[in-house]
>>> print(open('protein30.txt').read())   # compact mmCIF, C-alpha atoms
# COMPACT_ATOMS: atom_id res chain seq x y z
CA MET Y 1 30.04 -39.79 -14.45
CA LEU Y 2 29.63 -41.63 -11.17
CA LEU Y 3 27.23 -38.95 -9.90
CA ARG Y 4 25.16 -39.28 -13.06
CA CYS Y 5 24.99 -43.04 -12.58
CA LEU Y 6 23.96 -42.58 -8.95
CA LYS Y 7 21.18 -40.22 -9.99
CA GLY Y 8 20.01 -42.80 -12.52
CA GLU Y 9 19.94 -45.57 -9.90
CA LEU Y 10 18.05 -43.34 -7.48
CA GLN Y 11 15.46 -42.56 -10.15
CA LYS Y 12 14.89 -46.28 -10.62
CA CYS Y 13 14.41 -46.70 -6.87
CA ARG Y 14 12.21 -43.67 -6.33
CA ARG Y 15 8.88 -45.34 -7.07
CA SER Y 16 9.88 -48.90 -6.34
CA PRO Y 17 8.24 -50.88 -3.51
CA VAL Y 18 11.63 -52.40 -2.66
CA TRP Y 19 12.16 -49.53 -0.19
CA LEU Y 20 9.34 -50.89 1.95
CA ALA Y 21 11.34 -54.05 2.63
CA PHE Y 22 13.92 -52.06 4.61
CA PHE Y 23 11.22 -50.77 6.93
CA VAL Y 24 9.01 -53.87 7.13
CA LEU Y 25 11.43 -56.83 7.29
CA PRO Y 26 13.44 -55.55 10.31
CA VAL Y 27 10.17 -55.55 12.28
CA PHE Y 28 10.02 -59.36 12.24
CA PRO Y 29 13.36 -60.05 14.00
CA ALA Y 30 12.49 -57.27 16.45
CA ILE Y 31 9.21 -58.98 17.33
CA LEU Y 32 10.76 -62.44 17.47
CA GLY Y 33 13.75 -61.25 19.50
CA THR Y 34 11.68 -59.28 21.96
CA GLY Y 35 9.24 -62.15 22.39
CA ASN Y 36 12.10 -64.54 23.03
CA TYR Y 37 13.62 -62.11 25.53
CA LEU Y 38 10.37 -61.72 27.46
CA ALA Y 39 9.73 -65.48 27.45
CA ASN Y 40 13.18 -66.12 28.94
CA SER Y 41 13.53 -63.03 31.13
CA ARG Y 42 14.44 -65.15 34.16
CA VAL Y 43 17.54 -66.39 32.34
CA LEU Y 44 18.32 -63.31 30.25
CA GLU Y 45 19.13 -60.91 33.07
CA ASN Y 46 21.52 -58.52 31.33
CA GLY Y 47 18.98 -55.96 30.13
CA TRP Y 48 19.86 -54.27 26.85
CA TYR Y 49 22.69 -56.69 26.15
CA SER Y 50 20.41 -59.71 26.48
CA LEU Y 51 17.80 -58.07 24.27
CA TRP Y 52 20.43 -57.28 21.62
CA SER Y 53 21.58 -60.88 21.62
CA GLN Y 54 18.04 -62.00 20.85
CA HIS Y 55 17.42 -59.38 18.17
CA THR Y 56 20.64 -60.07 16.29
CA LEU Y 57 20.22 -63.83 16.58
CA PHE Y 58 17.43 -63.49 14.00
CA SER Y 59 18.36 -60.37 12.03
CA SER Y 60 22.02 -61.03 11.24
CA ILE Y 61 21.47 -64.67 10.29
CA PHE Y 62 18.15 -64.75 8.47
CA PHE Y 63 16.60 -61.38 7.72
CA LEU Y 64 19.54 -59.10 6.89
CA PRO Y 65 21.27 -61.40 4.35
CA ALA Y 66 17.90 -62.04 2.69
CA LEU Y 67 17.04 -58.33 2.78
CA LEU Y 68 20.30 -57.29 1.16
CA GLY Y 69 19.88 -60.14 -1.31
CA VAL Y 70 16.46 -58.85 -2.31
CA PHE Y 71 17.75 -55.35 -2.93
CA CYS Y 72 20.80 -56.47 -4.93
CA ALA Y 73 18.67 -58.86 -7.01
CA TRP Y 74 16.19 -56.07 -7.67
CA GLN Y 75 18.97 -53.73 -8.83
CA TRP Y 76 19.99 -56.12 -11.61
CA ARG Y 77 16.42 -57.28 -12.25
CA LEU Y 78 15.74 -54.06 -14.13
CA GLU Y 79 18.69 -54.73 -16.46
CA HIS Y 80 17.66 -58.36 -16.99
CA THR Y 81 14.15 -57.33 -18.05
CA ASP Y 82 13.35 -57.16 -21.78
CA HIS Y 83 16.28 -55.65 -23.70
CA ASN Y 84 17.60 -53.24 -21.07
CA TRP Y 85 21.07 -54.77 -21.39
CA ASN Y 86 21.37 -53.05 -24.75
CA SER Y 87 20.89 -49.66 -23.12
CA PHE Y 88 23.03 -50.51 -20.12
CA LEU Y 89 26.10 -51.76 -21.97
CA THR Y 90 25.95 -49.25 -24.82
CA ALA Y 91 25.54 -46.19 -22.58
CA PRO Y 92 28.37 -43.62 -22.90
CA VAL Y 93 29.46 -44.39 -19.35
CA PRO Y 94 32.09 -46.93 -18.23
CA VAL Y 95 30.54 -50.09 -16.84
CA GLY Y 96 32.78 -49.68 -13.80
CA ALA Y 97 31.00 -46.44 -12.92
CA GLN Y 98 27.60 -48.03 -13.46
CA TYR Y 99 28.50 -50.92 -11.19
CA ALA Y 100 30.01 -48.60 -8.58
CA ALA Y 101 26.72 -46.69 -8.43
CA LYS Y 102 24.85 -49.89 -7.67
CA LEU Y 103 27.36 -50.87 -4.97
CA ILE Y 104 27.26 -47.43 -3.35
CA LEU Y 105 23.47 -47.47 -3.27
CA ALA Y 106 23.51 -50.98 -1.79
CA ALA Y 107 26.00 -49.79 0.86
CA VAL Y 108 23.66 -46.92 1.76
CA MET Y 109 20.82 -49.40 2.11
CA SER Y 110 22.97 -51.55 4.38
CA LEU Y 111 23.47 -48.52 6.61
CA LEU Y 112 19.75 -47.72 6.45
CA ALA Y 113 18.90 -51.28 7.47
CA GLN Y 114 21.17 -50.98 10.49
CA GLY Y 115 19.50 -47.70 11.40
CA CYS Y 116 16.08 -49.36 11.31
CA ILE Y 117 17.37 -52.23 13.44
CA GLY Y 118 18.81 -49.80 15.98
CA LEU Y 119 15.57 -47.80 16.19
CA LEU Y 120 13.46 -50.92 16.61
CA PHE Y 121 15.87 -52.14 19.27
CA LEU Y 122 15.37 -48.96 21.29
CA ILE Y 123 11.58 -49.13 20.93
CA SER Y 124 11.54 -52.81 21.86
CA GLY Y 125 13.65 -52.21 24.95
CA LYS Y 126 11.30 -49.50 26.17
CA LEU Y 127 8.26 -51.68 25.55
CA ALA Y 128 9.98 -54.57 27.35
CA GLY Y 129 10.45 -52.36 30.40
CA ILE Y 130 14.24 -52.12 30.37
CA ARG Y 131 15.20 -49.10 32.48
CA GLU Y 132 18.99 -49.32 32.42
CA PRO Y 133 21.05 -46.81 30.37
CA LEU Y 134 21.52 -47.65 26.72
CA PRO Y 135 24.67 -49.64 25.94
CA PRO Y 136 27.40 -47.26 24.73
CA GLU Y 137 28.53 -49.92 22.25
CA LEU Y 138 25.31 -49.66 20.21
CA PRO Y 139 26.65 -47.21 17.56
CA GLY Y 140 29.68 -49.47 17.07
CA TRP Y 141 27.51 -52.56 16.67
CA LEU Y 142 25.47 -50.83 13.99
CA LEU Y 143 28.43 -49.32 12.15
CA TRP Y 144 30.47 -52.52 12.05
CA GLY Y 145 27.35 -54.42 11.03
CA ALA Y 146 26.83 -51.99 8.15
CA LEU Y 147 30.46 -52.48 7.04
CA GLY Y 148 29.98 -56.23 7.09
CA GLY Y 149 26.81 -55.76 5.09
CA ILE Y 150 28.70 -53.95 2.33
CA SER Y 151 30.84 -57.01 1.65
CA VAL Y 152 27.66 -59.09 1.54
CA CYS Y 153 26.20 -56.63 -0.98
CA SER Y 154 29.25 -56.98 -3.21
CA VAL Y 155 28.87 -60.76 -3.21
CA GLN Y 156 25.13 -60.57 -3.80
CA LEU Y 157 25.49 -58.08 -6.63
CA TYR Y 158 27.80 -60.48 -8.43
CA PHE Y 159 25.47 -63.47 -8.14
CA SER Y 160 22.46 -61.33 -9.02
CA LEU Y 161 24.33 -60.16 -12.12
CA VAL Y 162 25.21 -63.67 -13.25
CA MET Y 163 21.87 -65.29 -12.33
CA ARG Y 164 18.97 -63.89 -14.34
CA SER Y 165 16.30 -65.23 -12.00
CA PHE Y 166 15.31 -63.19 -8.96
CA ALA Y 167 14.84 -65.96 -6.37
CA PRO Y 168 18.17 -67.92 -6.47
CA PRO Y 169 20.39 -65.00 -5.35
CA VAL Y 170 18.00 -64.27 -2.48
CA ALA Y 171 18.08 -67.93 -1.43
CA PHE Y 172 21.86 -67.82 -1.72
CA GLY Y 173 21.95 -64.89 0.69
CA LEU Y 174 19.79 -66.74 3.21
CA ALA Y 175 21.99 -69.82 2.97
CA GLY Y 176 25.08 -67.64 3.32
CA GLY Y 177 23.76 -66.18 6.57
CA ILE Y 178 23.20 -69.63 8.07
CA LEU Y 179 26.61 -70.85 6.93
CA GLY Y 180 28.13 -67.65 8.31
CA LEU Y 181 26.78 -68.46 11.76
CA MET Y 182 28.22 -71.98 11.59
CA LEU Y 183 31.66 -70.72 10.57
CA THR Y 184 31.58 -68.05 13.25
CA ALA Y 185 30.88 -70.71 15.86
CA GLN Y 186 33.95 -72.59 14.57
CA GLY Y 187 36.17 -69.52 14.92
CA LEU Y 188 36.35 -68.95 11.13
CA GLY Y 189 34.13 -65.89 10.96
CA TYR Y 190 36.74 -63.50 9.56
CA ALA Y 191 37.24 -65.78 6.55
CA PHE Y 192 33.66 -65.63 5.25
CA PRO Y 193 31.78 -62.50 4.11
CA TYR Y 194 28.40 -63.41 5.58
CA SER Y 195 30.01 -64.05 8.95
CA LEU Y 196 31.07 -60.41 9.04
CA LEU Y 197 27.47 -59.46 9.70
CA CYS Y 198 27.42 -61.67 12.79
CA LEU Y 199 30.81 -60.45 13.96
CA GLY Y 200 30.16 -56.77 13.29
CA MET Y 201 26.84 -56.77 15.11
CA ARG Y 202 28.20 -59.07 17.86
CA ALA Y 203 25.26 -61.37 17.17
CA ASN Y 204 24.24 -63.38 20.23
CA ASN Y 205 27.40 -62.17 22.02
CA PRO Y 206 27.29 -58.36 22.46
CA GLN Y 207 30.29 -58.31 24.79
CA MET Y 208 32.59 -60.06 22.33
CA GLU Y 209 35.79 -58.19 21.48
CA LEU Y 210 36.01 -57.51 17.76
CA GLU Y 211 39.39 -57.63 16.03
CA PRO Y 212 39.18 -54.52 13.80
CA MET Y 213 42.12 -55.20 11.49
CA PRO Y 214 41.19 -58.75 10.39
CA PHE Y 215 37.59 -57.59 10.02
CA LEU Y 216 38.49 -54.65 7.79
CA ILE Y 217 40.93 -56.67 5.71
CA SER Y 218 38.33 -59.38 5.10
CA ALA Y 219 35.56 -56.87 4.33
CA LEU Y 220 37.73 -54.90 1.90
CA ALA Y 221 39.06 -58.06 0.26
CA TYR Y 222 35.63 -59.56 -0.39
CA THR Y 223 34.15 -56.24 -1.49
CA GLY Y 224 37.01 -55.55 -3.91
CA LEU Y 225 37.22 -59.13 -5.20
CA PHE Y 226 33.56 -59.50 -6.11
CA ALA Y 227 33.41 -55.95 -7.45
CA ALA Y 228 36.27 -56.90 -9.79
CA PHE Y 229 34.44 -60.11 -10.78
CA SER Y 230 31.30 -58.11 -11.60
CA VAL Y 231 33.08 -55.46 -13.68
CA ARG Y 232 35.06 -58.14 -15.54
CA TYR Y 233 31.83 -60.03 -16.29
CA LEU Y 234 30.22 -56.87 -17.66
CA ARG Y 235 33.20 -56.06 -19.86
CA ARG Y 236 33.36 -59.56 -21.32
CA ARG Y 237 29.70 -59.82 -22.35
CA ASP Y 238 29.60 -60.32 -26.10
CA ALA Y 239 25.87 -60.03 -26.67
CA PRO Y 240 24.37 -57.31 -24.53
CA GLY Y 241 20.87 -57.97 -25.71
CA GLU Y 242 20.84 -61.65 -24.75
>>> encode(input="protein30.txt", output="structure tokens")
Amino acid sequence: MLLRCLKGELQKCRRSPVWLAFFVLPVFPAILGTGNYLANSRVLENGWYSLWSQHTLFSSIFFLPALLGVFCAWQWRLEHTDHNWNSFLTAPVPVGAQYAAKLILAAVMSLLAQGCIGLLFLISGKLAGIREPLPPELPGWLLWGALGGISVCSVQLYFSLVMRSFAPPVAFGLAGGILGLMLTAQGLGYAFPYSLLCLGMRANNPQMELEPMPFLISALAYTGLFAAFSVRYLRRRDAPGE
């Protein structure tokens, strides 16, 4: 059943312009970060590591939370339109499987976003004239960032489910990214889902040592908790057409 739900979600996405956001939006933090790196090259002397700190300063705080928020809001937007709730909640498939398909697809998009960020980082470094070897930590930065993004997706899917409007969940994601940076600066990053993006990507501090166990526990806890909230909300809806 889960595979059937995944195929259905992919069919919805196939002709949607939402895919373009994952290729276009990462370009902006790459441009801003590279420009900031070049403008402060006398101070930022650590090559790839300095460039990564500038890229992630923008992407993990502003663009990635908003990007994931857009995709999660779009996933539920189709169900909120017209009377699609009737079809969604009366389909001969458990709502848990339907939700899981949306979360899995959002997780794949989180990984895709990290891939785009990594590719743009490499291109930017070459254009900026960095000749040192690539940092061996780069795959880890991208992977941990993707894992942090999955917990953000779970949170965003819940708020996009509850809020019928498209814009408020996206704004919530942007606010969450800013708050995540503030909590990370206070040493509370592992306690907040949006901070996991900053921590996983080592935003603005690429040589920071990540604590894998607290990170994984927090990511799994937030992902599972908001997934349970979403499934419970779907099961308790009394009027699917409203």
>>> residues_around(input="protein30.txt", residues="Val162 of chain Y", least_positions_apart="6", cutoff="12 Å", atoms="only C-alpha atoms", output="list in words")
Cys72, Ala73, Trp76, Arg77, Glu79, His80, Val155, Gln156, Pro168, Pro169, Phe226, Phe229, Ser230, Val231, Arg232, Tyr233, Leu234 and Arg237 of chain Y
>>> residues_around(input="protein30.txt", residues="segment 88-100 of chain Y", least_positions_apart="5", cutoff="12 Å", atoms="all atoms listed in the file", output="PyMOL selection string")
chain Y and resi 1-9+72+75-76+78-83+105-107+153-154+157-158+161+223-224+226-242
>>> atom_distance(input="protein30.txt", atom1="atom CA of Val18 of chain Y", atom2="atom CA of Phe63 of chain Y")
14.6 Å
>>> atom_distance(input="protein30.txt", atom1="atom CA of Ile178 of chain Y", atom2="atom CA of Leu142 of chain Y")
19.8 Å
>>> residues_around(input="protein30.txt", residues="Ser16 of chain Y", least_positions_apart="3", cutoff="12 Å", atoms="only C-alpha atoms", output="ChimeraX atom specification")
/Y:9-13,19-21,71,74-75,78
>>> atom_distance(input="protein30.txt", atom1="atom CA of Gly47 of chain Y", atom2="atom CA of Glu132 of chain Y")
7.0 Å
>>> residues_near_point(input="protein30.txt", point="(23.8, -57.3, 12.3)", cutoff="9 Å", atoms="all atoms listed in the file", output="list in words")
His55, Thr56, Leu57, Ser59, Ser60, Ile61, Leu64, Gln114, Ile117, Trp141, Leu142, Trp144, Gly145, Ala146, Gly148, Gly149, Leu196, Leu197, Cys198, Leu199, Gly200, Met201, Arg202 and Ala203 of chain Y
>>> residues_around(input="protein30.txt", residues="Ser218 of chain Y", least_positions_apart="4", cutoff="8 Å", atoms="all atoms listed in the file", output="list in words")
Tyr190, Ala191, Phe192, Pro193, Pro214 and Tyr222 of chain Y
>>> closest_residue(input="protein30.txt", among="Y:Ser110, Y:Trp48, Y:Met182, Y:Leu216", to="Pro136 of chain Y", atoms="only C-alpha atoms")
Y:Trp48
>>> closest_residue(input="protein30.txt", among="Y:Asn205, Y:Ser151, Y:Ser41, Y:Gln186", to="Ile104 of chain Y", atoms="only C-alpha atoms")
Y:Ser151
>>> residues_around(input="protein30.txt", residues="Asn36 of chain Y", least_positions_apart="4", cutoff="12 Å", atoms="only C-alpha atoms", output="number ranges by chain")
Y: 29-32, 40-44, 50-58, 124, 128
